[in-house]
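Structure file upload.cif; described as mmCIF, C-alpha atoms and all ligand atoms.
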```cif
data_upload
#
loop_
_atom_site.label_atom_id
_atom_site.label_comp_id
_atom_site.auth_asym_id
_atom_site.auth_seq_id
_atom_site.Cartn_x
_atom_site.Cartn_y
_atom_site.Cartn_z
CA MET A 1 11.26 -6.53 23.43
CA ALA A 2 12.70 -7.47 20.06
CA ALA A 3 9.30 -6.90 18.44
CA GLU A 4 8.95 -3.51 20.08
CA VAL A 5 12.36 -2.37 18.84
CA TYR A 6 11.57 -3.78 15.40
CA TYR A 7 8.27 -1.94 15.03
CA GLN A 8 9.90 1.25 16.26
CA ALA A 9 12.70 1.00 13.69
CA ILE A 10 10.31 0.13 10.88
CA GLY A 11 8.05 2.95 12.03
CA THR A 12 10.89 5.43 11.67
CA LEU A 13 11.63 4.20 8.17
CA GLN A 14 8.02 3.99 7.09
CA SER A 15 7.15 7.46 8.32
CA HIS A 16 8.87 8.53 5.10
CA SER A 17 6.74 6.17 3.07
CA TYR A 18 5.71 8.77 0.51
CA LEU A 19 9.24 8.31 -0.84
CA ASP A 20 7.90 5.03 -2.24
CA ASN A 21 6.43 7.09 -5.05
CA PHE A 22 9.90 7.84 -6.31
CA ASN A 23 11.57 4.74 -7.72
CA HIS A 24 15.15 5.84 -7.06
CA HIS A 25 14.46 6.40 -3.32
CA GLN A 26 12.37 3.31 -2.94
CA LYS A 27 15.33 1.00 -3.45
CA HIS A 28 17.36 2.67 -0.74
CA LYS A 29 14.56 2.39 1.78
CA SER A 30 13.79 -1.17 0.79
CA ASN A 31 17.39 -2.18 1.63
CA LEU A 32 17.05 -0.69 5.09
CA VAL A 33 13.75 -2.40 5.75
CA ARG A 34 15.33 -5.69 4.66
CA LEU A 35 18.29 -5.19 7.00
CA VAL A 36 16.11 -4.49 10.02
CA THR A 37 13.70 -7.30 9.15
CA ARG A 38 16.61 -9.77 8.88
CA ASP A 39 17.74 -8.86 12.40
CA PHE A 40 14.23 -9.22 13.70
CA ILE A 41 13.73 -12.64 12.10
CA SER A 42 17.09 -13.83 13.48
CA GLY A 43 15.40 -13.45 16.89
CA ASN A 44 18.13 -11.33 18.47
CA GLY A 45 16.35 -8.01 18.23
CA LEU A 46 18.02 -5.13 16.51
CA SER A 47 21.81 -5.59 16.51
CA ARG A 48 23.95 -2.61 17.48
CA ARG A 49 25.20 -2.51 13.89
CA SER A 50 21.68 -2.32 12.43
CA SER A 51 20.54 0.11 15.05
CA SER A 52 23.25 2.63 14.22
CA SER A 53 22.77 1.88 10.54
CA VAL A 54 19.07 2.71 10.83
CA GLN A 55 19.89 5.97 12.59
CA ARG A 56 22.53 6.86 10.02
CA ASN A 57 20.30 5.92 7.12
CA CYS A 58 17.33 7.76 8.49
CA ALA A 59 19.45 10.88 8.13
CA VAL A 60 20.03 9.89 4.50
CA ILE A 61 16.30 9.34 4.00
CA GLN A 62 15.63 12.73 5.57
CA SER A 63 17.94 14.37 3.07
CA LEU A 64 16.38 12.43 0.18
CA ALA A 65 13.03 13.68 1.39
CA PHE A 66 14.40 17.20 1.36
CA GLN A 67 15.75 16.78 -2.18
CA THR A 68 12.35 15.72 -3.50
CA SER A 69 11.02 18.98 -2.04
CA VAL A 70 7.96 17.08 -0.96
CA VAL A 71 6.99 18.11 2.55
CA ASP A 72 6.99 15.26 5.06
CA PRO A 73 3.30 14.58 5.73
CA VAL A 74 4.16 13.22 9.16
CA LEU A 75 6.21 16.16 10.34
CA SER A 76 4.53 19.03 8.57
CA PRO A 77 1.46 20.62 10.17
CA SER A 78 -0.89 19.64 7.39
CA ARG A 79 -0.61 18.89 3.72
CA SER A 80 -3.95 17.38 4.02
CA ASN A 81 -7.58 18.06 3.71
CA ALA A 82 -10.87 17.44 5.41
CA GLY A 83 -9.84 20.66 7.11
CA ASP A 84 -13.05 22.56 6.57
CA ASN A 85 -15.39 19.97 7.92
CA TYR A 86 -12.92 18.69 10.50
CA LYS A 87 -14.51 17.45 13.67
CA LYS A 88 -12.69 15.89 16.55
CA SER A 89 -12.73 12.20 15.76
CA ASN A 90 -11.15 8.90 16.58
CA GLU A 91 -8.19 7.66 14.65
CA ALA A 92 -9.19 5.48 11.70
CA ALA A 93 -7.21 3.34 9.27
CA LEU A 94 -7.55 3.82 5.52
CA ILE A 95 -6.21 1.09 3.24
CA LEU A 96 -5.94 1.80 -0.48
CA ILE A 97 -5.35 -1.09 -2.82
CA ARG A 98 -5.05 -1.19 -6.57
CA HIS A 99 -6.58 -4.42 -7.93
CA GLY A 100 -4.32 -7.37 -8.74
CA GLU A 101 -3.15 -7.93 -12.31
CA SER A 102 -6.09 -8.32 -14.71
CA LEU A 103 -6.23 -10.46 -17.85
CA TRP A 104 -5.80 -7.27 -19.89
CA ASN A 105 -2.89 -5.98 -17.75
CA GLU A 106 -1.30 -9.31 -18.58
CA LYS A 107 -1.84 -8.69 -22.31
CA ASN A 108 -0.71 -5.03 -21.99
CA LEU A 109 -4.05 -3.65 -23.24
CA PHE A 110 -5.65 -0.33 -22.28
CA THR A 111 -8.53 -1.37 -20.03
CA GLY A 112 -10.25 1.70 -18.54
CA CYS A 113 -13.92 0.96 -17.87
CA VAL A 114 -13.95 -2.42 -19.65
CA ASP A 115 -14.90 -4.99 -17.00
CA VAL A 116 -12.13 -7.61 -17.08
CA PRO A 117 -11.39 -10.18 -14.33
CA LEU A 118 -8.10 -10.87 -12.56
CA SER A 119 -5.44 -13.10 -14.09
CA LYS A 120 -4.05 -16.06 -12.17
CA LYS A 121 -1.18 -13.81 -11.05
CA GLY A 122 -3.72 -11.14 -10.01
CA ILE A 123 -5.56 -13.68 -7.86
CA ASP A 124 -2.29 -14.57 -6.11
CA GLU A 125 -1.48 -10.87 -5.66
CA ALA A 126 -4.87 -10.22 -4.06
CA ILE A 127 -4.39 -13.12 -1.63
CA GLU A 128 -0.87 -11.91 -0.83
CA ALA A 129 -2.22 -8.38 -0.26
CA GLY A 130 -4.79 -9.83 2.11
CA LYS A 131 -2.03 -11.45 4.16
CA ARG A 132 -0.24 -8.13 4.44
CA ILE A 133 -3.24 -6.33 5.86
CA SER A 134 -4.62 -9.26 7.83
CA SER A 135 -3.92 -7.55 11.18
CA ILE A 136 -5.21 -4.09 10.24
CA PRO A 137 -8.84 -3.36 11.18
CA VAL A 138 -11.39 -3.04 8.37
CA ASP A 139 -15.01 -2.03 9.13
CA VAL A 140 -16.26 -1.08 5.69
CA ILE A 141 -15.03 -1.71 2.16
CA PHE A 142 -15.53 0.49 -0.89
CA THR A 143 -14.82 -0.94 -4.32
CA SER A 144 -15.41 0.27 -7.83
CA ALA A 145 -18.21 -1.30 -9.82
CA LEU A 146 -15.65 -3.34 -11.78
CA ILE A 147 -15.02 -7.02 -11.16
CA ARG A 148 -11.21 -6.78 -10.89
CA ALA A 149 -11.48 -4.44 -7.89
CA GLN A 150 -14.25 -6.50 -6.31
CA MET A 151 -12.36 -9.79 -6.77
CA THR A 152 -9.32 -8.16 -5.16
CA ALA A 153 -11.27 -6.95 -2.12
CA MET A 154 -13.01 -10.30 -1.63
CA LEU A 155 -9.88 -12.41 -2.08
CA ALA A 156 -7.89 -10.15 0.24
CA MET A 157 -10.56 -10.44 2.92
CA THR A 158 -10.40 -14.25 2.88
CA GLN A 159 -7.00 -13.79 4.55
CA HIS A 160 -8.08 -11.38 7.28
CA ARG A 161 -7.52 -12.67 10.80
CA HIS A 162 -10.79 -11.28 12.16
CA GLY A 163 -12.61 -13.91 10.08
CA LYS A 164 -15.48 -11.58 9.16
CA VAL A 165 -17.41 -12.12 5.94
CA PRO A 166 -17.45 -9.29 3.37
CA ILE A 167 -20.98 -8.81 2.00
CA ILE A 168 -21.80 -6.71 -1.06
CA LEU A 169 -24.68 -4.33 -0.40
CA HIS A 170 -27.26 -4.24 -3.19
CA ASN A 171 -28.98 -0.90 -3.35
CA GLU A 172 -29.66 -0.85 -7.08
CA SER A 173 -33.39 -1.31 -6.51
CA GLU A 174 -35.78 -1.55 -3.58
CA ARG A 175 -36.23 -5.26 -4.29
CA ALA A 176 -32.49 -5.91 -4.46
CA ARG A 177 -32.06 -4.14 -1.13
CA SER A 178 -34.92 -5.92 0.56
CA TRP A 179 -34.10 -9.40 -0.84
CA SER A 180 -30.51 -9.22 0.38
CA GLN A 181 -31.34 -8.35 4.00
CA VAL A 182 -29.79 -10.19 6.94
CA PHE A 183 -32.04 -10.91 9.92
CA SER A 184 -29.52 -11.77 12.59
CA GLU A 185 -27.70 -9.17 14.63
CA ASP A 186 -24.91 -11.62 15.41
CA THR A 187 -24.39 -12.44 11.74
CA THR A 188 -24.39 -8.75 10.87
CA LYS A 189 -21.67 -8.17 13.48
CA GLN A 190 -19.62 -10.88 11.83
CA SER A 191 -19.79 -9.27 8.41
CA ILE A 192 -18.21 -6.29 6.65
CA PRO A 193 -20.34 -4.18 4.30
CA VAL A 194 -18.94 -3.82 0.81
CA ILE A 195 -20.14 -0.77 -1.12
CA ALA A 196 -19.59 -0.74 -4.88
CA ALA A 197 -19.48 2.67 -6.57
CA TRP A 198 -18.95 3.45 -10.26
CA GLN A 199 -17.30 6.71 -9.22
CA LEU A 200 -14.25 4.69 -8.13
CA ASN A 201 -13.96 3.02 -11.56
CA GLU A 202 -10.80 3.28 -13.64
CA ARG A 203 -10.59 6.42 -15.80
CA MET A 204 -12.47 5.97 -19.05
CA TYR A 205 -9.75 5.40 -21.62
CA GLY A 206 -11.89 6.40 -24.63
CA GLU A 207 -10.79 5.08 -27.99
CA LEU A 208 -7.69 3.49 -26.47
CA GLN A 209 -9.74 0.82 -24.64
CA GLY A 210 -8.77 -2.61 -25.95
CA LEU A 211 -5.67 -1.35 -27.83
CA ASN A 212 -2.22 -2.73 -27.10
CA LYS A 213 -0.12 -0.16 -25.19
CA GLN A 214 3.11 -0.91 -27.05
CA GLU A 215 1.44 -0.87 -30.48
CA THR A 216 -0.25 2.43 -29.60
CA ALA A 217 3.12 3.94 -28.61
CA ASP A 218 4.64 2.67 -31.88
CA ARG A 219 1.81 4.26 -33.81
CA TYR A 220 1.36 7.63 -32.06
CA GLY A 221 4.81 8.05 -30.48
CA LYS A 222 6.03 7.34 -26.95
CA GLU A 223 5.64 10.95 -25.76
CA GLN A 224 2.07 11.29 -26.94
CA VAL A 225 1.05 8.02 -25.29
CA HIS A 226 2.84 8.96 -22.06
CA GLU A 227 0.94 12.25 -22.06
CA TRP A 228 -2.38 10.41 -22.48
CA ARG A 229 -1.47 7.96 -19.73
CA ARG A 230 0.13 10.16 -17.09
CA SER A 231 -0.56 13.87 -17.63
CA TYR A 232 -3.08 15.50 -15.35
CA ASP A 233 -5.29 17.36 -17.78
CA ILE A 234 -4.81 15.85 -21.25
CA PRO A 235 -7.52 13.26 -21.99
CA PRO A 236 -6.95 10.30 -24.32
CA PRO A 237 -9.17 10.53 -27.46
CA ASN A 238 -12.78 10.68 -26.22
CA GLY A 239 -11.75 9.52 -22.76
CA GLU A 240 -11.20 11.02 -19.31
CA SER A 241 -8.09 12.90 -18.20
CA LEU A 242 -6.87 12.28 -14.65
CA GLU A 243 -8.47 15.62 -13.76
CA MET A 244 -11.86 14.44 -15.05
CA CYS A 245 -11.48 11.13 -13.23
CA ALA A 246 -10.62 13.05 -10.03
CA GLN A 247 -13.81 15.11 -10.33
CA ARG A 248 -15.92 12.03 -9.68
CA ALA A 249 -13.52 9.84 -7.62
CA VAL A 250 -12.38 12.56 -5.19
CA ALA A 251 -15.93 13.93 -4.88
CA TYR A 252 -17.10 10.43 -3.94
CA PHE A 253 -14.24 10.08 -1.47
CA ARG A 254 -15.12 13.37 0.20
CA ASP A 255 -18.88 12.80 0.24
CA GLU A 256 -19.10 9.11 1.09
CA ILE A 257 -15.79 7.87 2.50
CA GLU A 258 -14.52 10.75 4.63
CA PRO A 259 -17.68 10.74 6.79
CA GLN A 260 -17.02 7.07 7.60
CA LEU A 261 -13.46 7.89 8.64
CA LEU A 262 -14.69 10.85 10.68
CA ALA A 263 -17.01 8.44 12.47
CA GLY A 264 -13.96 6.34 13.39
CA LYS A 265 -14.63 3.54 10.89
CA ASN A 266 -11.64 1.75 9.36
CA VAL A 267 -11.99 1.77 5.59
CA MET A 268 -10.50 -0.23 2.74
CA ILE A 269 -10.79 1.04 -0.85
CA SER A 270 -10.16 -1.41 -3.66
CA ALA A 271 -9.93 0.48 -6.92
CA HIS A 272 -7.71 1.29 -9.90
CA GLY A 273 -4.43 2.83 -10.95
CA ASN A 274 -5.90 6.17 -11.95
CA SER A 275 -8.91 6.53 -9.63
CA LEU A 276 -6.48 5.86 -6.75
CA ARG A 277 -3.83 8.21 -8.18
CA SER A 278 -6.42 10.98 -8.09
CA ILE A 279 -7.39 10.14 -4.50
CA ILE A 280 -3.73 10.00 -3.40
CA MET A 281 -3.17 13.33 -5.11
CA TYR A 282 -5.92 14.72 -2.87
CA LEU A 283 -4.71 12.99 0.32
CA ASP A 284 -1.04 13.95 -0.12
CA LYS A 285 -1.82 17.28 -1.80
CA LEU A 286 0.38 16.45 -4.76
CA THR A 287 0.66 19.01 -7.53
CA SER A 288 -0.34 18.19 -11.11
CA GLN A 289 3.42 17.91 -11.81
CA GLU A 290 4.11 15.57 -8.88
CA VAL A 291 1.28 13.21 -9.78
CA ILE A 292 2.87 12.45 -13.16
CA SER A 293 5.52 10.24 -11.52
CA LEU A 294 3.09 8.55 -9.12
CA GLU A 295 2.89 4.90 -10.18
CA LEU A 296 0.91 2.25 -8.30
CA SER A 297 1.75 -1.44 -8.50
CA THR A 298 -1.03 -4.01 -8.75
CA GLY A 299 -2.06 -5.62 -5.46
CA ILE A 300 0.09 -3.53 -3.10
CA PRO A 301 -1.92 -2.13 -0.18
CA MET A 302 -1.06 1.33 1.16
CA LEU A 303 -1.96 2.43 4.66
CA TYR A 304 -3.03 5.88 5.83
CA ILE A 305 -4.16 6.98 9.25
CA PHE A 306 -6.91 9.56 9.47
CA LYS A 307 -6.59 11.54 12.67
CA GLU A 308 -7.77 14.98 13.68
CA GLY A 309 -8.73 15.85 10.14
CA ARG A 310 -5.40 14.81 8.60
CA PHE A 311 -4.31 11.90 6.45
CA ILE A 312 -0.92 10.49 7.37
CA ARG A 313 0.79 7.85 5.26
CA ARG A 314 1.98 4.92 7.31
CA GLY A 315 3.62 2.81 4.70
CA SER A 316 3.31 0.29 1.98
CA PRO A 317 5.41 -2.74 1.12
CA ILE A 318 7.92 -1.76 -1.53
CA GLY A 319 7.01 -4.37 -4.09
CA PRO A 320 5.47 -7.81 -4.53
CA SER A 321 8.49 -9.61 -3.09
CA GLU A 322 8.94 -7.41 -0.03
CA ALA A 323 7.67 -8.14 3.45
CA GLY A 324 4.51 -6.25 4.35
CA VAL A 325 5.62 -3.64 6.83
CA TYR A 326 3.62 -0.71 8.10
CA ALA A 327 4.26 1.84 10.80
CA TYR A 328 1.61 0.75 13.27
CA THR A 329 0.10 3.35 15.53
CA ARG A 330 -0.54 2.44 19.15
CA ARG A 331 -4.17 1.75 18.34
CA LEU A 332 -3.27 -0.55 15.46
CA ALA A 333 -0.67 -2.35 17.58
CA LEU A 334 -3.36 -2.96 20.23
CA TYR A 335 -5.71 -4.36 17.59
CA LYS A 336 -2.99 -6.69 16.34
CA GLN A 337 -2.20 -7.73 19.90
CA LYS A 338 -5.88 -8.57 20.43
CA LEU A 339 -5.85 -10.81 17.34
CA ASP A 340 -2.59 -12.42 18.52
CA ASP A 341 -4.16 -13.17 21.90
CA MET A 342 -7.31 -14.57 20.28
CA PHE A 343 -5.42 -16.93 17.99
CA GLN A 344 -2.63 -18.03 20.31
O1 LIG B 401 -5.25 0.29 -18.92
C1 LIG B 401 -5.68 0.88 -17.90
O2 LIG B 401 -6.88 0.96 -17.62
C2 LIG B 401 -4.70 1.54 -16.95
C3 LIG B 401 -4.41 0.72 -15.75
O3 LIG B 401 -4.11 -0.59 -16.03
O4 LIG B 401 -3.51 1.74 -17.64
P1 LIG B 401 -2.48 2.93 -17.40
O5 LIG B 401 -1.31 2.32 -16.71
O6 LIG B 401 -2.17 3.39 -18.77
O7 LIG B 401 -3.14 4.00 -16.61
#
```
Could you quickly redo this structure as structure tokens?
Ligand SMILES: O=C(O)[C@@H](CO)OP(=O)(O)O
Amino acid sequence: MAAEVYYQAIGTLQSHSYLDNFNHHQKHKSNLVRLVTRDFISGNGLSRRSSSSVQRNCAVIQSLAFQTSVVDPVLSPSRSNAGDNYKKSNEAALILIRHGESLWNEKNLFTGCVDVPLSKKGIDEAIEAGKRISSIPVDVIFTSALIRAQMTAMLAMTQHRHGKVPIILHNESERARSWSQVFSEDTTKQSIPVIAAWQLNERMYGELQGLNKQETADRYGKEQVHEWRRSYDIPPPNGESLEMCAQRAVAYFRDEIEPQLLAGKNVMISAHGNSLRSIIMYLDKLTSQEVISLELSTGIPMLYIFKEGRFIRRGSPIGPSEAGVYAYTRRLALYKQKLDDMFQ
């Protein structure tokens, strides 16, 4: 009973998860999640005090949502896409994760398409991310072609409770494909295909790649560097703007990933700050103004549900130190229950 009440309360809070994109609202919601989680952990279920506090605060969250003038993706008919080629389909989970901290994030260098591995902290973040999504179904994984996204996906999957083995598909040549075949149906069932695509790579940062971000701001001015980093259509010198990055990343999402979701497959995408910003812009129908303030932390998985042609955000932990809470749907709760029963 306590768990049921807990998930319901968290569900209410997390249904406004798009507020996480706005730092000033994030804090408020994070306090509420902490309050409810504390009651749950104490084992007494939701206390009357917390229960009325959640109700009261949900009203506050509602009004914050109104102030942002972002339409609630849960309540509104559809801010989302896939409309044209919508077919009646099963519900499917979509997890988006930005890679853990890389060795160049650690050094504050522009990275873009330079292929840099995770730092020690990034490895820990990826493992932590894996714990947070360990009860959410994953049938197929898409990563960029870059090692930091691939390391993140693989490390995260070591924590998954289903115990399946992620296997990178090699389609770069006929020989690579044929030499990496598996000849057991049972083994295939126990594995998750991992598809690497360059289209999901970080935006190409042009002549900024390898430069220190602070030194670049000192040299060219804070405003100019912010424009290069966050504007929608201004590219850094000889690099890609977010708009250019979206042209390949969103096209790939629509052509290769949406069909999987339509077929009812649960998908995880491990990619990068800007390739994911462009995909989120598409999923949440953000304007080119709104996307400027969209920041993604390293190693924090976000959950969407794809149902009846719509993408609905179901939450994301607030930050690295927060508990991983998502608004589970009935189908996800049943999947979790199945894992609980299996590992009792
Ligand atoms: O350097 C990069 O490739 C990206 C992501 O780390 O940086 P930014 O935050 O400027 O988009």
Which residues of chain A come within 9 Å of ligand LIG 401 (chain B), and for each one, what is the closest pair of atoms and their distance in Å to one decimal, counting all atoms listed in the file, sorted by chain and residue number, as JSON lines?
```
{"residue": "A:Glu101", "atom": "CA", "partner": "B:LIG401", "partner_atom": "O3", "distance": 8.3}
{"residue": "A:Ser102", "atom": "CA", "partner": "B:LIG401", "partner_atom": "O3", "distance": 8.1}
{"residue": "A:Trp104", "atom": "CA", "partner": "B:LIG401", "partner_atom": "O1", "distance": 7.6}
{"residue": "A:Asn105", "atom": "CA", "partner": "B:LIG401", "partner_atom": "O3", "distance": 5.8}
{"residue": "A:Asn108", "atom": "CA", "partner": "B:LIG401", "partner_atom": "O1", "distance": 7.6}
{"residue": "A:Leu109", "atom": "CA", "partner": "B:LIG401", "partner_atom": "O1", "distance": 6.0}
{"residue": "A:Phe110", "atom": "CA", "partner": "B:LIG401", "partner_atom": "O1", "distance": 3.4}
{"residue": "A:Thr111", "atom": "CA", "partner": "B:LIG401", "partner_atom": "O2", "distance": 3.7}
{"residue": "A:Gly112", "atom": "CA", "partner": "B:LIG401", "partner_atom": "O2", "distance": 3.6}
{"residue": "A:Cys113", "atom": "CA", "partner": "B:LIG401", "partner_atom": "O2", "distance": 7.0}
{"residue": "A:Val114", "atom": "CA", "partner": "B:LIG401", "partner_atom": "O2", "distance": 8.1}
{"residue": "A:Glu202", "atom": "CA", "partner": "B:LIG401", "partner_atom": "O2", "distance": 6.0}
{"residue": "A:Arg203", "atom": "CA", "partner": "B:LIG401", "partner_atom": "O2", "distance": 6.8}
{"residue": "A:Met204", "atom": "CA", "partner": "B:LIG401", "partner_atom": "O2", "distance": 7.6}
{"residue": "A:Tyr205", "atom": "CA", "partner": "B:LIG401", "partner_atom": "O2", "distance": 6.6}
{"residue": "A:Leu208", "atom": "CA", "partner": "B:LIG401", "partner_atom": "O1", "distance": 8.6}
{"residue": "A:Gln209", "atom": "CA", "partner": "B:LIG401", "partner_atom": "O1", "distance": 7.3}
{"residue": "A:Gly210", "atom": "CA", "partner": "B:LIG401", "partner_atom": "O1", "distance": 8.4}
{"residue": "A:Lys213", "atom": "CA", "partner": "B:LIG401", "partner_atom": "O6", "distance": 7.6}
{"residue": "A:Val225", "atom": "CA", "partner": "B:LIG401", "partner_atom": "O6", "distance": 8.6}
{"residue": "A:His226", "atom": "CA", "partner": "B:LIG401", "partner_atom": "O6", "distance": 8.2}
{"residue": "A:Trp228", "atom": "CA", "partner": "B:LIG401", "partner_atom": "O6", "distance": 7.9}
{"residue": "A:Arg229", "atom": "CA", "partner": "B:LIG401", "partner_atom": "O6", "distance": 4.7}
{"residue": "A:Arg230", "atom": "CA", "partner": "B:LIG401", "partner_atom": "O7", "distance": 7.0}
{"residue": "A:His272", "atom": "CA", "partner": "B:LIG401", "partner_atom": "C3", "distance": 6.7}
{"residue": "A:Gly273", "atom": "CA", "partner": "B:LIG401", "partner_atom": "C3", "distance": 5.2}
{"residue": "A:Asn274", "atom": "CA", "partner": "B:LIG401", "partner_atom": "O7", "distance": 5.8}
{"residue": "A:Glu295", "atom": "CA", "partner": "B:LIG401", "partner_atom": "O5", "distance": 8.2}
{"residue": "A:Leu296", "atom": "CA", "partner": "B:LIG401", "partner_atom": "O5", "distance": 8.7}
{"residue": "A:Thr298", "atom": "CA", "partner": "B:LIG401", "partner_atom": "O3", "distance": 8.6}
```
Can you write out the residues you just picked, keeping C-alpha atoms, as a short mmCIF file (atom, residue, chain, number, x, y, z; two decimals), keeping the file's coordinate frame?
```
data_model
loop_
_atom_site.label_atom_id
_atom_site.label_comp_id
_atom_site.auth_asym_id
_atom_site.auth_seq_id
_atom_site.Cartn_x
_atom_site.Cartn_y
_atom_site.Cartn_z
CA GLU A 101 -3.15 -7.93 -12.31
CA SER A 102 -6.09 -8.32 -14.71
CA TRP A 104 -5.80 -7.27 -19.89
CA ASN A 105 -2.89 -5.98 -17.75
CA ASN A 108 -0.71 -5.03 -21.99
CA LEU A 109 -4.05 -3.65 -23.24
CA PHE A 110 -5.65 -0.33 -22.28
CA THR A 111 -8.53 -1.37 -20.03
CA GLY A 112 -10.25 1.70 -18.54
CA CYS A 113 -13.92 0.96 -17.87
CA VAL A 114 -13.95 -2.42 -19.65
CA GLU A 202 -10.80 3.28 -13.64
CA ARG A 203 -10.59 6.42 -15.80
CA MET A 204 -12.47 5.97 -19.05
CA TYR A 205 -9.75 5.40 -21.62
CA LEU A 208 -7.69 3.49 -26.47
CA GLN A 209 -9.74 0.82 -24.64
CA GLY A 210 -8.77 -2.61 -25.95
CA LYS A 213 -0.12 -0.16 -25.19
CA VAL A 225 1.05 8.02 -25.29
CA HIS A 226 2.84 8.96 -22.06
CA TRP A 228 -2.38 10.41 -22.48
CA ARG A 229 -1.47 7.96 -19.73
CA ARG A 230 0.13 10.16 -17.09
CA HIS A 272 -7.71 1.29 -9.90
CA GLY A 273 -4.43 2.83 -10.95
CA ASN A 274 -5.90 6.17 -11.95
CA GLU A 295 2.89 4.90 -10.18
CA LEU A 296 0.91 2.25 -8.30
CA THR A 298 -1.03 -4.01 -8.75
#
```
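For the residues A:Asp124, A:Glu174, A:Glu243, A:Glu185, ranking by smallest atom-to-atom distance to Leu155 in chain A using all atoms listed in the file places A:Asp124 first.
What separates CA of Phe306 in chain A from CA of Leu262 in chain A is a distance of 8.0 Å.
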Give me the range 148-219 of chain A side of the contact with range 91-99 of chain A, cut-off 7 Å, one line per residue showing its nearest atom pair and distance in Å at one decimal, counting all atoms listed in the file, sorted by chain and residue number, as a tab-separated table.
```
residue	atom	partner	partner_atom	distance
A:Arg148	CA	A:His99	CA	6.0
A:Ala149	CA	A:His99	CA	4.9
A:Thr152	CA	A:His99	CA	5.4
```
Residues at most 7 Å from Ala196 in chain A, counting only C-alpha atoms, excluding those fewer than 5 positions away in the same chain, as an MDAnalysis selection string?
chainID A and resid 142:145
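CA of Tyr326 in chain A sits 17.4 Å away from CA of Lys338 in chain A.
A straight line drawn from CA of Glu207 in chain A to CA of Pro237 in chain A is 5.7 Å long.
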Which of these, A:Arg161, A:Gly221, A:Tyr282, A:Pro235, has the shortest distance to Gln344 in chain A once you count only C-alpha atoms?
A:Arg161
Which residue of A:Tyr304, A:Met151, A:Ser180, A:Tyr220 approaches Asp284 in chain A most closely, using only C-alpha atoms:
A:Tyr304
Taking (-12.2, 10.2, -4.6) as a centre in this file's frame and 8 Å as the limit, can you find every polymer residue with an atom that close, using all atoms listed in the file, and give them as a compact mmCIF listing (two decimals) with C-alpha atoms, in the frame of the given file?
```
# COMPACT_ATOMS: atom_id res chain seq x y z
CA GLN A 199 -17.30 6.71 -9.22
CA LEU A 200 -14.25 4.69 -8.13
CA ALA A 246 -10.62 13.05 -10.03
CA GLN A 247 -13.81 15.11 -10.33
CA ARG A 248 -15.92 12.03 -9.68
CA ALA A 249 -13.52 9.84 -7.62
CA VAL A 250 -12.38 12.56 -5.19
CA ALA A 251 -15.93 13.93 -4.88
CA TYR A 252 -17.10 10.43 -3.94
CA PHE A 253 -14.24 10.08 -1.47
CA ARG A 254 -15.12 13.37 0.20
CA SER A 275 -8.91 6.53 -9.63
CA LEU A 276 -6.48 5.86 -6.75
CA SER A 278 -6.42 10.98 -8.09
CA ILE A 279 -7.39 10.14 -4.50
CA TYR A 282 -5.92 14.72 -2.87
```
List as an MDAnalysis selection string: which residues have an atom within 6 Å of (-8.0, -11.6, -17.2), counting only C-alpha atoms?
chainID A and resid 102:104 116:119
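Considering the residues A:Ile269, A:Ile312, A:Val194, A:Ala263 and counting only C-alpha atoms, Lys285 in chain A has its shortest atom-to-atom contact with A:Ile312.
Close contacts of Ile133 in chain A, defined as residues with an atom at most 9 Å away when counting all atoms listed in the file, with chain neighbours fewer than 6 positions off set aside, comprise Ile95, Ala156, Met157, Gln159, His160, Pro301, Leu303 and Gly324 of chain A.
With distances restricted to all atoms listed in the file, A:Gly163 is the closest residue to Met342 in chain A from A:Asn201, A:Gly163, A:Asp115, A:Val140.
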Box centre and edge lengths (Å, one decimal), axis-aligned, range 259-269 of chain A plus 5 Å each side, as AutoDock Vina command-line options:
```
--center_x -14.1 --center_y 5.3 --center_z 6.3 --size_x 17.2 --size_y 21.1 --size_z 24.2
```
Of A:Arg330, A:Ser288, A:Ile147, A:Ser134, the one sitting nearest Ser270 in chain A when using all atoms listed in the file is A:Ile147
